[in-house]
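Novice: Sharing a structure below in structure tokens format, with a few things to ask.
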Amino acid sequence: MKPASLFDLWVYLAASPLLWLTVTIGIYLIALQLARLSRFNPLVNPVLIAILAVAALLITTHTDYRVYFAGAQFVHFLLGPATVALGVPLYRNRALVRRAALPIAASLLAGAPTAMLSAVWLARWFGAPHDLTLALAPKSVTAGIAMGIASQIGADPTLTAVFVITTGIIGAVAVTPLMNALKIKDFAARGFAAGLASHGIGTARAFQVNDVAGAFAGLAMALNGLLSALLAPLVAQLLR
Amino acid sequence: MLPGLFILLACQLVGETIVRALGLPIPGPVLGIILLVSLLALRQRMTGNDSASDTTNIGQAADGLLRYLGLLFVPAGVGIVQSFGLVAANGAALIGALVLSTLLTLIITVAVFRLVARRSKS
């Protein structure tokens with residue numbers, strides 16, 4: 001076989017799913033290393049860094065998102081089974097749920113609609129257009145479920161993915177100073193709020209602060225995913 | 001780990017199928033979570049084993065997927081390149097809404113949790 005020119009090589013690679021799958025995993029590993037170097041500062045979020053880096057790469061190489069997704073879909077596909085896997089930590093924490101069933105149920109019923117409705121109403125009040133603001137509704141829900149909710153209520157799932165990650169970072173940065181300012185010392189309550197408002201990223205933050213907070217955060221993330229999915233058709237009607 | 005991955009996929013498959021067949025307004029994986037938790041509870045009741053512990057097939061498959069959960073969001077998030085202009089043009093409104101709504105959600109959730117916890121103790 002005669003050696004291909006650099007241009008031919010690029011033509012082959014750019015169209016092959018292998019390239020963008022490898023790039024996605026490679027860039028994520030680098031982003032993870034950066035987060036480790038910052039000692040997991042919530043502002044240095046590996047997901048956000050990886051998204052921005054891959055997006056910049058696509059723009060500079062003039063690569064269409066559909067071409068990119070043909071490779072990255074293999075990673076994307078795992079979101080489904082990973083969402084189902086949330087049932088495992090939920091089941092492991094069943095003793096915690098039983099012990100604090102009442103406060104969990106009440107704060108979940110208050111927090112889930114607050115998270116969905118306030119984001120959309122605030123953004124509309126600030127003048128953002130409707131097709132954009134609907135994608136904000138599931139912003140506090142973990143991405144796998146949030147994107148499912150987005151397509152169900154007629155919003156753009158990729159926009160939702162970006163809002164979800166941004167919300168996670170905001171929650172992870174804000175939760176500790178806010179709870180200290182409110183003088184809340186109950187780590188179960190603090191963790192539950194962090195997981196409900198800012199899903200997996202808030203949960204990772206809660207685990208850094210306190211193990212009980214982390215367990216309650218993970219619980220809140222899973223329960224909020226379930227409840228928000230059930231509330232979504234109702235919320236969509238309210239927001240029409 | 002492979003039998004565990006099979007269980008997770010099977011729960012999702014059954015979830016997606018039921019959701020579509022009955023026209024339920026929830027995402028398939030959400031029903032998958034409910035199926036998985038019921039399955040874990042059922043197996044524990046029947047065999048006495050906790051299939052969710054981190055030494056079992058299901059536990060290992062779930063922990064493996066959840067360890068790199070962040071990576072799985074990247075392909076969807078990169079979709080921002082398709083609507084970057086629209087988002088950037090409304091950047092201030094969107095960030096403002098996200099920050100205020102997240103703070104509000106944190107405050108309301110923690111306040112209700114504490115209020116009910118104190119009530120149910122006394």
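Chain lettering (A, B, ...) mirrors the order of the structure tokens, residue numbering begins at 1 for each chain separately, and ligand numbering begins at 1 in order of display.
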Pick out the residues sitting within 10 Å of Phe74 (chain A), and hand them over as JSON, numbers by chain; count only C-alpha atoms, and ignore anything fewer than 4 positions along from it in its own chain.
Specialist: {"A": [17, 21, 69, 70, 78, 79], "B": [72, 75]}
Novice: What's the 6 Å shell around region 114-128 of chain A, counting only C-alpha atoms, without same-chain residues fewer than 6 positions away, as number ranges by chain?
Specialist: A: 136-138; B: 90, 93-94, 97-98, 101, 105
Novice: Please determine the contact residues of chain A with respect to chain B at a cut-off of 6 Å, counting only C-alpha atoms, and supply them as a PyMOL selection string.
Specialist: chain A and resi 47+51+55+72+75-76+79-82+84-85+87-88+103+107+111+114-115+118-119+122-123+126+128+148+158+161-162+189+193+197+229
Novice: For the residues in the current selection, export C-alpha atoms as a PDB file, in the first residue's frame.
Specialist:
ATOM      1  CA  VAL A  47     -17.358  17.993  31.931  1.00  0.00           C
ATOM      2  CA  ILE A  51     -17.312  20.160  26.174  1.00  0.00           C
ATOM      3  CA  ALA A  55     -16.560  22.268  20.648  1.00  0.00           C
ATOM      4  CA  ALA A  72     -19.407  10.092  20.009  1.00  0.00           C
ATOM      5  CA  VAL A  75     -20.365   7.133  24.612  1.00  0.00           C
ATOM      6  CA  HIS A  76     -23.732   8.916  24.480  1.00  0.00           C
ATOM      7  CA  LEU A  79     -26.296   7.434  29.334  1.00  0.00           C
ATOM      8  CA  GLY A  80     -29.357   5.158  29.272  1.00  0.00           C
ATOM      9  CA  PRO A  81     -27.890   2.215  31.230  1.00  0.00           C
ATOM     10  CA  ALA A  82     -25.995   4.697  33.465  1.00  0.00           C
ATOM     11  CA  VAL A  84     -30.810   2.974  35.192  1.00  0.00           C
ATOM     12  CA  ALA A  85     -27.687   2.348  37.322  1.00  0.00           C
ATOM     13  CA  GLY A  87     -31.186   2.626  41.079  1.00  0.00           C
ATOM     14  CA  VAL A  88     -28.198   0.921  42.736  1.00  0.00           C
ATOM     15  CA  PRO A 103     -38.575  15.457  55.446  1.00  0.00           C
ATOM     16  CA  SER A 107     -38.632  18.804  50.574  1.00  0.00           C
ATOM     17  CA  GLY A 111     -37.927  21.544  45.637  1.00  0.00           C
ATOM     18  CA  THR A 114     -39.356  25.132  42.352  1.00  0.00           C
ATOM     19  CA  ALA A 115     -36.313  24.076  40.334  1.00  0.00           C
ATOM     20  CA  SER A 118     -38.486  29.252  38.666  1.00  0.00           C
ATOM     21  CA  ALA A 119     -35.757  28.809  36.034  1.00  0.00           C
ATOM     22  CA  LEU A 122     -37.086  33.970  35.597  1.00  0.00           C
ATOM     23  CA  ALA A 123     -35.500  33.581  32.142  1.00  0.00           C
ATOM     24  CA  PHE A 126     -35.386  38.539  31.831  1.00  0.00           C
ATOM     25  CA  ALA A 128     -35.178  35.201  26.788  1.00  0.00           C
ATOM     26  CA  GLY A 148     -35.292  12.622  28.138  1.00  0.00           C
ATOM     27  CA  THR A 158     -28.524  19.500  23.711  1.00  0.00           C
ATOM     28  CA  ALA A 161     -27.459  19.272  28.587  1.00  0.00           C
ATOM     29  CA  VAL A 162     -25.519  22.541  28.701  1.00  0.00           C
ATOM     30  CA  ALA A 189     -30.554  18.530  54.907  1.00  0.00           C
ATOM     31  CA  ALA A 193     -30.631  20.297  48.922  1.00  0.00           C
ATOM     32  CA  ALA A 197     -30.707  21.511  43.056  1.00  0.00           C
ATOM     33  CA  ALA A 229     -39.946  13.072  34.956  1.00  0.00           C
TER      34      ALA A 229
END
Novice: What parts of region 69-207 of chain A does DSSP call alpha helix (DSSP H)? I'd like the answer as a PyMOL selection string.
Specialist: chain A and resi 69-77+79-85+87-92+94-99+101-125+130-133+143-153+157-181+187-207
Novice: Between CA of Gly218 (chain A) and CA of Leu86 (chain A), what is the spacing in Å?
Specialist: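 Computing it gives 8.6 Å between the two atoms.
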Novice: Got a sec: who's within 9 Å of Thr176 (chain A), counting only C-alpha atoms, leaving out chain neighbours fewer than 3 positions off, as a compact mmCIF listing (two decimals) with C-alpha atoms, in the first residue's frame?
Specialist:
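This went into around38.txt:
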# COMPACT_ATOMS: atom_id res chain seq x y z
CA ALA A 172 -21.57 23.06 43.75
CA VAL A 173 -19.95 26.49 44.13
CA MET A 179 -25.74 26.89 53.93
CA ASN A 180 -23.17 28.43 56.27
CA ALA A 181 -24.81 31.84 55.84
CA ARG A 190 -27.59 20.32 53.30
CA ALA A 206 -21.36 17.08 48.96
CA VAL A 209 -17.67 17.99 52.54
Novice: What's around Asp131 (chain A) at 10 Å? Count only C-alpha atoms, leave out sequence neighbours fewer than 2 positions away in its own chain, and write the answer as an MDAnalysis selection string.
Specialist: chainID A and resid 128:129 133:136 154:156
Novice: Could you tell me which of A:Gly214, A:Pro46, A:Gly202, A:Gly71 comes closest to Asn93 (chain A) if we count only C-alpha atoms?
Specialist: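 Nearest candidate to Asn93 (chain A) out of A:Gly214, A:Pro46, A:Gly202, A:Gly71: A:Gly214.
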Novice: Rank nothing, just name the residue among A:Val11, A:Ile49, A:Val23, A:Leu96 nearest to Ala35 (chain A), using only C-alpha atoms.
Specialist: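 Between A:Val11, A:Ile49, A:Val23, A:Leu96, the residue approaching Ala35 (chain A) most closely is A:Ile49.
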Novice: Which distance in Å separates CA of Phe163 (chain A) and CA of Phe40 (chain A), to one decimal?
Specialist: 20.6 Å
Novice: For the atom pair CA of Gly171 (chain A) and CA of Leu43 (chain A), what is the interatomic distance in Å to one decimal place?
Specialist: 10.6 Å
